[in-house]
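Source file: entry_35.cif (mmCIF, C-alpha atoms and all ligand atoms)
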data_protein
loop_
_atom_site.label_atom_id
_atom_site.label_comp_id
_atom_site.auth_asym_id
_atom_site.auth_seq_id
_atom_site.Cartn_x
_atom_site.Cartn_y
_atom_site.Cartn_z
CA MET A 160 69.97 -10.72 -13.26
CA ARG A 161 66.54 -12.27 -13.84
CA VAL A 162 65.34 -12.45 -17.46
CA PHE A 163 61.73 -13.06 -18.47
CA GLU A 164 60.47 -13.64 -22.00
CA ILE A 165 57.11 -12.07 -22.75
CA GLU A 166 54.78 -11.59 -25.73
CA THR A 167 53.40 -8.09 -26.18
CA SER A 168 51.19 -6.42 -28.74
CA GLY A 169 52.72 -3.86 -31.11
CA SER A 170 56.33 -2.91 -31.62
CA ILE A 171 56.91 0.64 -32.80
CA SER A 172 55.12 3.62 -31.23
CA ARG A 173 54.91 7.35 -31.65
CA SER A 174 57.66 9.01 -29.65
CA GLY A 175 57.08 11.80 -27.17
CA MET A 176 60.61 13.09 -27.83
CA ARG A 177 60.84 16.08 -30.17
CA GLU A 178 63.81 14.69 -32.10
CA LEU A 179 62.16 11.33 -32.87
CA ASP A 180 59.07 10.22 -34.76
CA TYR A 181 58.95 6.72 -33.33
CA CYS A 182 60.52 4.59 -30.63
CA LEU A 183 60.97 0.87 -30.29
CA ASN A 184 62.02 -0.88 -27.10
CA PRO A 185 62.87 -4.59 -27.45
CA TYR A 186 63.62 -4.91 -23.74
CA LEU A 187 61.95 -3.55 -20.62
CA GLY A 188 64.30 -2.86 -17.76
CA CYS A 189 68.04 -2.51 -18.17
CA HIS A 190 70.77 -4.63 -16.67
CA HIS A 191 73.22 -1.72 -16.72
CA GLY A 192 71.38 -0.37 -13.67
CA CYS A 193 72.55 3.25 -13.87
CA THR A 194 71.49 4.94 -10.65
CA TYR A 195 70.55 8.20 -12.41
CA CYS A 196 68.40 6.58 -15.10
CA TYR A 197 65.27 8.49 -16.16
CA ALA A 198 63.79 5.29 -17.62
CA ILE A 199 63.06 3.92 -14.15
CA ASP A 200 60.02 6.19 -14.11
CA MET A 201 58.92 5.02 -17.55
CA THR A 202 59.24 1.26 -17.15
CA SER A 203 55.80 -0.29 -16.99
CA ARG A 204 56.93 -3.54 -15.32
CA ARG A 205 56.98 -2.75 -11.61
CA ASP A 206 59.50 -5.42 -10.59
CA ALA A 207 61.97 -4.15 -13.23
CA ALA A 208 61.51 -0.56 -12.05
CA GLU A 209 61.73 -1.43 -8.37
CA ASN A 210 64.78 -3.67 -8.80
CA TRP A 211 66.53 -1.50 -11.35
CA GLY A 212 69.34 -3.36 -13.08
CA GLU A 213 68.25 -6.77 -11.81
CA VAL A 214 65.19 -7.61 -13.94
CA VAL A 215 64.89 -7.53 -17.74
CA TYR A 216 61.86 -8.43 -19.84
CA VAL A 217 62.47 -9.65 -23.39
CA ARG A 218 59.69 -8.85 -25.86
CA ARG A 219 60.33 -11.95 -27.88
CA ASN A 220 57.68 -11.35 -30.59
CA ILE A 221 58.65 -7.72 -31.28
CA VAL A 222 60.47 -8.45 -34.56
CA LYS A 223 57.48 -10.31 -36.01
CA ASN A 224 55.18 -7.48 -34.91
CA LEU A 225 57.49 -4.86 -36.38
CA ALA A 226 57.45 -6.43 -39.84
CA ALA A 227 53.65 -6.09 -39.84
CA ASP A 228 53.47 -2.72 -38.09
CA ILE A 229 55.64 -0.78 -40.54
CA LYS A 230 53.46 -1.62 -43.54
CA GLY A 231 51.99 1.70 -44.68
CA LEU A 232 53.68 3.60 -41.85
CA ARG A 233 55.01 7.05 -42.81
CA ARG A 234 58.81 7.03 -42.87
CA GLY A 235 60.56 8.91 -40.08
CA THR A 236 63.27 8.65 -37.45
CA VAL A 237 63.13 5.75 -35.01
CA GLY A 238 64.95 5.68 -31.69
CA ILE A 239 65.73 2.08 -30.81
CA SER A 240 65.73 1.57 -27.05
CA THR A 241 64.74 4.94 -25.66
CA ILE A 242 64.07 3.47 -22.20
CA THR A 243 66.66 0.69 -22.09
CA ASP A 244 70.06 -0.10 -23.59
CA PRO A 245 69.79 -1.74 -27.03
CA TYR A 246 73.06 -3.65 -26.56
CA GLN A 247 72.81 -4.75 -22.95
CA ALA A 248 73.95 -8.35 -22.34
CA VAL A 249 70.68 -10.09 -23.34
CA GLU A 250 71.09 -8.75 -26.89
CA ALA A 251 73.91 -11.25 -27.49
CA LYS A 252 71.37 -14.07 -27.11
CA TYR A 253 68.14 -12.60 -28.50
CA ARG A 254 69.37 -10.11 -31.14
CA LEU A 255 66.07 -8.21 -31.06
CA THR A 256 67.86 -4.89 -31.57
CA GLY A 257 69.85 -6.20 -34.53
CA LYS A 258 66.85 -7.78 -36.26
CA SER A 259 64.67 -4.69 -35.71
CA LEU A 260 67.44 -2.43 -36.96
CA LYS A 261 67.75 -4.46 -40.15
CA ILE A 262 64.01 -4.32 -40.87
CA LEU A 263 63.83 -0.58 -40.27
CA LEU A 264 66.86 0.28 -42.40
CA GLU A 265 65.82 -2.00 -45.25
CA ASN A 266 62.47 -0.23 -45.28
CA GLY A 267 63.89 3.29 -45.43
CA PHE A 268 63.48 4.48 -41.85
CA ARG A 269 66.15 6.61 -40.19
CA VAL A 270 67.45 4.97 -37.04
CA THR A 271 69.36 6.32 -34.09
CA LEU A 272 70.71 4.22 -31.23
CA GLN A 273 72.33 5.08 -27.93
CA THR A 274 74.29 2.57 -25.91
CA LYS A 275 77.08 1.95 -23.42
CA SER A 276 78.06 -1.44 -24.79
CA PRO A 277 80.72 -2.82 -27.15
CA LEU A 278 78.12 -5.43 -28.19
CA ALA A 279 77.05 -2.76 -30.70
CA ARG A 280 79.84 -4.19 -32.86
CA LEU A 281 77.39 -6.95 -33.79
CA ASP A 282 75.60 -4.44 -36.03
CA PHE A 283 78.45 -2.33 -37.33
CA HIS A 284 78.09 -3.94 -40.77
CA LEU A 285 74.48 -2.65 -40.97
CA LEU A 286 75.30 0.79 -39.58
CA ALA A 287 78.13 1.14 -42.09
CA ARG A 288 76.06 -0.08 -45.05
CA TYR A 289 73.19 2.30 -44.20
CA ARG A 290 75.39 5.16 -42.97
CA ASN A 291 73.07 7.72 -44.57
CA LEU A 292 70.17 6.48 -42.48
CA ALA A 293 71.78 5.50 -39.19
CA ASP A 294 73.86 6.87 -36.37
CA ILE A 295 74.99 5.55 -33.01
CA GLY A 296 75.84 7.34 -29.81
CA PHE A 297 77.82 6.08 -26.85
CA THR A 298 77.06 7.50 -23.45
CA ILE A 299 80.24 8.40 -21.61
CA ALA A 300 79.18 10.19 -18.47
CA THR A 301 82.68 10.03 -17.01
CA SER A 302 86.09 8.81 -18.15
CA ASP A 303 86.85 7.63 -14.62
CA ASN A 304 86.36 3.94 -13.77
CA ALA A 305 85.60 4.43 -10.05
CA ARG A 306 82.92 7.05 -10.73
CA THR A 307 81.50 4.80 -13.43
CA ARG A 308 81.13 1.91 -10.96
CA LEU A 309 79.44 4.27 -8.50
CA THR A 310 76.80 5.56 -10.92
CA GLU A 311 76.57 2.79 -13.58
CA PRO A 312 77.16 -0.45 -11.68
CA HIS A 313 76.93 -3.03 -14.50
CA THR A 314 78.17 -1.11 -17.51
CA PRO A 315 81.26 -1.73 -19.67
CA SER A 316 84.17 0.57 -18.79
CA PRO A 317 84.44 4.05 -20.35
CA GLY A 318 87.65 2.96 -22.10
CA ALA A 319 85.86 0.00 -23.73
CA ARG A 320 83.15 2.36 -24.98
CA PHE A 321 85.74 4.74 -26.38
CA ARG A 322 87.53 1.94 -28.25
CA THR A 323 84.19 0.79 -29.70
CA ILE A 324 83.15 4.23 -30.87
CA LYS A 325 86.55 4.76 -32.41
CA GLU A 326 86.18 1.51 -34.34
CA ALA A 327 82.67 2.51 -35.50
CA SER A 328 83.93 5.84 -36.72
CA SER A 329 86.81 4.21 -38.61
CA LEU A 330 84.17 2.19 -40.51
CA GLY A 331 82.46 5.40 -41.63
CA ILE A 332 79.56 5.09 -39.19
CA ASN A 333 78.06 8.34 -37.87
CA THR A 334 79.01 8.51 -34.20
CA TRP A 335 78.39 10.78 -31.26
CA ILE A 336 79.21 10.83 -27.57
CA TYR A 337 76.49 11.58 -25.08
CA PHE A 338 78.23 13.38 -22.21
CA GLY A 339 75.67 13.10 -19.48
CA PRO A 340 73.90 13.28 -17.30
CA ILE A 341 76.29 15.82 -15.85
CA MET A 342 76.08 15.65 -12.06
CA LYS A 343 77.45 18.26 -9.70
CA GLY A 344 80.64 17.07 -8.07
CA ILE A 345 80.76 13.84 -10.10
CA ASN A 346 81.58 14.65 -13.71
CA ASP A 347 81.57 18.45 -14.01
CA SER A 348 85.29 19.18 -13.65
CA GLN A 349 87.43 20.75 -16.36
CA GLU A 350 89.59 17.62 -16.29
CA GLU A 351 86.54 15.48 -17.10
CA ILE A 352 85.31 17.83 -19.83
CA SER A 353 88.74 17.79 -21.49
CA ALA A 354 88.92 13.99 -21.33
CA ILE A 355 85.55 13.64 -23.07
CA MET A 356 86.47 16.17 -25.76
CA ARG A 357 89.80 14.42 -26.35
CA TRP A 358 87.95 11.14 -26.95
CA ALA A 359 85.40 12.84 -29.17
CA SER A 360 88.12 14.44 -31.23
CA SER A 361 90.11 11.26 -31.68
CA SER A 362 86.98 9.25 -32.63
CA ASN A 363 85.68 11.96 -34.96
CA SER A 364 82.44 12.13 -32.98
CA ARG A 365 80.26 15.06 -32.13
CA VAL A 366 79.11 15.56 -28.53
CA ILE A 367 75.66 16.02 -27.02
CA PHE A 368 75.57 17.04 -23.38
CA ASP A 369 72.85 17.23 -20.77
CA PHE A 370 72.45 17.66 -17.03
CA TYR A 371 70.98 15.39 -14.38
CA ARG A 372 67.41 16.21 -13.50
CA ASN A 373 66.13 15.02 -10.19
CA TYR A 374 64.01 12.15 -11.58
CA GLU A 375 61.59 10.63 -9.12
CA GLY A 376 62.61 6.99 -9.66
CA SER A 377 66.33 7.68 -9.58
CA ARG A 378 66.30 9.30 -6.15
CA LYS A 379 66.08 5.92 -4.44
CA THR A 380 68.81 4.27 -6.52
CA ILE A 381 71.15 7.23 -6.12
CA ALA A 382 70.59 7.36 -2.36
CA ALA A 383 71.26 3.60 -2.16
CA SER A 384 74.65 4.21 -3.79
CA GLY A 385 75.57 6.61 -0.98
CA LEU A 386 75.16 9.88 -2.93
CA ASN A 387 72.70 12.66 -2.19
CA PRO A 388 70.35 12.96 -5.21
CA GLU A 389 69.32 16.51 -4.30
CA GLY A 390 72.91 17.73 -4.55
CA LEU A 391 73.56 16.40 -8.05
CA SER A 392 71.30 18.64 -10.12
CA GLY A 393 72.91 21.99 -9.20
CA ASN A 394 71.42 25.41 -9.96
CA ASP A 395 71.15 27.61 -13.06
CA ALA A 396 74.44 29.39 -12.39
CA TRP A 397 76.28 26.05 -12.13
CA ARG A 398 74.67 24.76 -15.35
CA GLU A 399 75.64 27.95 -17.19
CA ARG A 400 79.21 27.73 -15.93
CA VAL A 401 79.59 24.08 -16.96
CA SER A 402 77.89 24.66 -20.34
CA SER A 403 80.33 27.50 -21.09
CA ALA A 404 83.30 25.31 -20.16
CA ILE A 405 82.02 22.53 -22.44
CA ILE A 406 81.50 24.85 -25.41
CA LYS A 407 84.91 26.49 -24.93
CA THR A 408 86.72 23.14 -24.57
CA ALA A 409 84.89 21.67 -27.57
CA ALA A 410 86.09 24.59 -29.68
CA GLU A 411 89.68 23.99 -28.52
CA PHE A 412 89.42 20.37 -29.66
CA SER A 413 87.47 21.27 -32.84
CA VAL A 414 84.57 19.11 -31.72
CA GLU A 415 80.97 19.85 -32.73
CA VAL A 416 78.86 20.12 -29.60
CA ASN A 417 75.16 20.58 -28.87
CA SER A 418 73.16 20.63 -25.70
CA GLU A 419 70.30 18.13 -25.48
CA GLU A 420 67.97 21.14 -25.83
CA GLU A 421 69.49 22.03 -29.21
CA GLU A 422 69.75 18.45 -30.39
CA TRP A 423 66.17 18.05 -31.50
CA LEU A 424 66.68 20.73 -34.15
CA VAL A 425 69.80 18.96 -35.45
CA GLU A 426 67.91 15.66 -35.63
CA ARG A 427 64.91 17.19 -37.39
CA ARG A 428 67.14 18.71 -40.05
CA LYS A 429 68.76 15.32 -40.66
CA THR A 430 65.38 13.63 -40.99
CA PHE A 431 64.19 16.10 -43.59
CA ARG A 432 67.48 15.96 -45.46
CA THR A 433 67.57 12.18 -45.71
CA LEU A 434 63.91 11.19 -45.99
CA PHE A 435 61.99 14.02 -47.64
S1 LIG A 501 72.12 2.13 -19.91
FE1 LIG A 501 70.62 3.75 -20.26
S2 LIG A 501 68.64 2.76 -20.03
FE2 LIG A 501 70.17 1.40 -19.14
S3 LIG A 501 70.18 1.89 -16.95
FE3 LIG A 501 71.78 3.11 -17.94
S4 LIG A 501 70.80 5.08 -18.45
FE4 LIG A 501 69.17 3.60 -18.04
#
When written as structure tokens, how does the structure in this file appear?
Ligand code: SF4
Amino acid sequence: MRVFEIETSGSISRSGMRELDYCLNPYLGCHHGCTYCYAIDMTSRRDAAENWGEVVYVRRNIVKNLAADIKGLRRGTVGISTITDPYQAVEAKYRLTGKSLKILLENGFRVTLQTKSPLARLDFHLLARYRNLADIGFTIATSDNARTRLTEPHTPSPGARFRTIKEASSLGINTWIYFGPIMKGINDSQEEISAIMRWASSSNSRVIFDFYRNYEGSRKTIAASGLNPEGLSGNDAWRERVSSAIIKTAAEFSVEVNSEEEEWLVERRKTFRTLF
């Protein structure tokens, strides 16, 4: 992995996602290198996008900028790292996610994070202290190690993520599992769905699920892994069948589940309940 430190203007920006008011990305590029990643198309640094998983830019002045940028800013929900992983390996050295999180929570913003890394433990004390304002999700696209290596080459194992989310939940932190992107023939089996729901149930986490969409940038990385990107997104009938199986299995495990489509409404309600 090649890491470059850069200085950029600004820190927090308006989010284009319905469930968020703002987003903040301390890093550009992501060492986890997931082949299906939608952020490849959104990463402004060409070398990071073209060598996905190999190049990471560190916005080293983002914390200083953030302290100035939030003055007078209307409170709302901030997604930290919407186009990268907030707890990828460089976070252990730079702690830009942790410092930004602290500033935002101390100033009354709601914060939501999504990661695949046990390094999130570094901030469990903050997430527990501000449990009314914060939540954290762990992406577990598959419970299977071989399929994880195929689609997420540099990520921590699914089991490590499960142990971390279980620990977070035991500390009273609001947790959720992101089951996705669901890809035809990779992680759409009943066995897989049951494994995810079992983990969600035993970590007291709700589940958000979503399907792979044939993102432009990901076609190259998926093809390089030996899979056919066109075959992964399935058709409407397949999505309906898998969605029904997820909802039915979630009910059997008494797990709260929402599709990504429904999630924005859930998030909006939380924002209004906690901030206004
Ligand atoms: S961890 Fe998230 S941002 Fe990073 S490569 Fe994987 S999907 Fe993309």
Env. residues ligand LIG 501 (chain A) / 10 Å / only C-alpha atoms and all ligand atoms / as a PDB file with C-alpha atoms, in the coordinates of the input:
ATOM      1  CA  TYR A 186      63.620  -4.910 -23.740  1.00  0.00           C
ATOM      2  CA  LEU A 187      61.950  -3.550 -20.620  1.00  0.00           C
ATOM      3  CA  GLY A 188      64.300  -2.860 -17.760  1.00  0.00           C
ATOM      4  CA  CYS A 189      68.040  -2.510 -18.170  1.00  0.00           C
ATOM      5  CA  HIS A 190      70.770  -4.630 -16.670  1.00  0.00           C
ATOM      6  CA  HIS A 191      73.220  -1.720 -16.720  1.00  0.00           C
ATOM      7  CA  GLY A 192      71.380  -0.370 -13.670  1.00  0.00           C
ATOM      8  CA  CYS A 193      72.550   3.250 -13.870  1.00  0.00           C
ATOM      9  CA  THR A 194      71.490   4.940 -10.650  1.00  0.00           C
ATOM     10  CA  TYR A 195      70.550   8.200 -12.410  1.00  0.00           C
ATOM     11  CA  CYS A 196      68.400   6.580 -15.100  1.00  0.00           C
ATOM     12  CA  TYR A 197      65.270   8.490 -16.160  1.00  0.00           C
ATOM     13  CA  ALA A 198      63.790   5.290 -17.620  1.00  0.00           C
ATOM     14  CA  ILE A 199      63.060   3.920 -14.150  1.00  0.00           C
ATOM     15  CA  THR A 202      59.240   1.260 -17.150  1.00  0.00           C
ATOM     16  CA  TRP A 211      66.530  -1.500 -11.350  1.00  0.00           C
ATOM     17  CA  GLY A 212      69.340  -3.360 -13.080  1.00  0.00           C
ATOM     18  CA  SER A 240      65.730   1.570 -27.050  1.00  0.00           C
ATOM     19  CA  THR A 241      64.740   4.940 -25.660  1.00  0.00           C
ATOM     20  CA  ILE A 242      64.070   3.470 -22.200  1.00  0.00           C
ATOM     21  CA  THR A 243      66.660   0.690 -22.090  1.00  0.00           C
ATOM     22  CA  ASP A 244      70.060  -0.100 -23.590  1.00  0.00           C
ATOM     23  CA  PRO A 245      69.790  -1.740 -27.030  1.00  0.00           C
ATOM     24  CA  TYR A 246      73.060  -3.650 -26.560  1.00  0.00           C
ATOM     25  CA  GLN A 247      72.810  -4.750 -22.950  1.00  0.00           C
ATOM     26  CA  GLN A 273      72.330   5.080 -27.930  1.00  0.00           C
ATOM     27  CA  THR A 274      74.290   2.570 -25.910  1.00  0.00           C
ATOM     28  CA  LYS A 275      77.080   1.950 -23.420  1.00  0.00           C
ATOM     29  CA  SER A 276      78.060  -1.440 -24.790  1.00  0.00           C
ATOM     30  CA  PHE A 297      77.820   6.080 -26.850  1.00  0.00           C
ATOM     31  CA  THR A 298      77.060   7.500 -23.450  1.00  0.00           C
ATOM     32  CA  ALA A 300      79.180  10.190 -18.470  1.00  0.00           C
ATOM     33  CA  THR A 310      76.800   5.560 -10.920  1.00  0.00           C
ATOM     34  CA  GLU A 311      76.570   2.790 -13.580  1.00  0.00           C
ATOM     35  CA  PRO A 312      77.160  -0.450 -11.680  1.00  0.00           C
ATOM     36  CA  HIS A 313      76.930  -3.030 -14.500  1.00  0.00           C
ATOM     37  CA  THR A 314      78.170  -1.110 -17.510  1.00  0.00           C
ATOM     38  CA  PRO A 315      81.260  -1.730 -19.670  1.00  0.00           C
ATOM     39  CA  GLY A 339      75.670  13.100 -19.480  1.00  0.00           C
ATOM     40  CA  PRO A 340      73.900  13.280 -17.300  1.00  0.00           C
ATOM     41  CA  SER A 377      66.330   7.680  -9.580  1.00  0.00           C
TER      42      SER A 377
END
- prompt: With distances taken over all atoms listed in the file, which of A:Val237, A:Ala226, A:Ala287, A:Leu281 is nearest to Ser329 in chain A?
  reply: A:Ala287
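You will find CA of Val217 in chain A at 16.2 Å from CA of Met201 in chain A.
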Near-Ile341 in chain A list (8 Å; all atoms listed in the file; drop same-chain fewer than 6 positions) as a short mmCIF file (atom, residue, chain, number, x, y, z; two decimals) with C-alpha atoms, keeping the file's coordinate frame:
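As written to disk, around_38.cif reads:
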data_model
loop_
_atom_site.label_atom_id
_atom_site.label_comp_id
_atom_site.auth_asym_id
_atom_site.auth_seq_id
_atom_site.Cartn_x
_atom_site.Cartn_y
_atom_site.Cartn_z
CA ALA A 300 79.18 10.19 -18.47
CA ASP A 347 81.57 18.45 -14.01
CA PHE A 368 75.57 17.04 -23.38
CA ASP A 369 72.85 17.23 -20.77
CA PHE A 370 72.45 17.66 -17.03
CA TYR A 371 70.98 15.39 -14.38
#
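Between CA of Thr433 in chain A and CA of Ile262 in chain A the separation is 17.6 Å.
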query: Between A:Val270, A:Ile345, A:Val222, A:Val249, which has the minimum distance to Leu391 in chain A (counting all atoms listed in the file)?
result: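 The shortest atom-to-atom distance to Leu391 in chain A comes from A:Ile345.
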Contacts of range 302-305 of chain A at 10 Å (only C-alpha atoms; same-chain gap of 4+ positions) as a PyMOL selection string: chain A and resi 309-312+315-318+320-321+338+345-346+350-355+358
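Between CA of Thr236 in chain A and CA of Lys258 in chain A the interatomic distance comes to 16.9 Å.
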message: Give me the residues near Arg161 in chain A as a list in words, where near means some atom within 7 Å (using all atoms listed in the file) and where sequence neighbours in that chain fewer than 6 positions away do not count.
response: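 What passes the distance filter is Glu213, Val214 and Val215 of chain A.
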- prompt: Between A:Arg378, A:Gly344, A:Leu386, A:Ile336, which is the closest to Ser418 in chain A once you count only C-alpha atoms?
  reply: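 Using only C-alpha atoms, Ser418 in chain A sits closest to A:Ile336.
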- prompt: Can you tell me, as an MDAnalysis selection string, what residues are no more than 12 Å from Gly267 in chain A when counting only C-alpha atoms, ignoring any on the same chain fewer than 3 positions away?
  reply: chainID A and resid 229:230 232:237 260:264 270 289:293 430 433:435
- request: Could you check which of A:Ser259, A:Gly238, A:Lys343, A:Leu272 is closest to Arg173 in chain A, using all atoms listed in the file?
  value: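 Nearest candidate to Arg173 in chain A out of A:Ser259, A:Gly238, A:Lys343, A:Leu272: A:Gly238.
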- prompt: With distances taken over all atoms listed in the file, which of A:Lys325, A:Arg365, A:Arg357, A:Arg254 is nearest to Tyr337 in chain A?
  reply: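 Closest to Tyr337 in chain A, using all atoms listed in the file: A:Arg365.
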task: Compare A:Ser328, A:Ser348, A:Asn266, A:Thr408 by their minimum atom-to-atom distance to Arg280 in chain A, counting all atoms listed in the file, and give me the closest one.
output: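 Between A:Ser328, A:Ser348, A:Asn266, A:Thr408, the residue approaching Arg280 in chain A most closely is A:Ser328.
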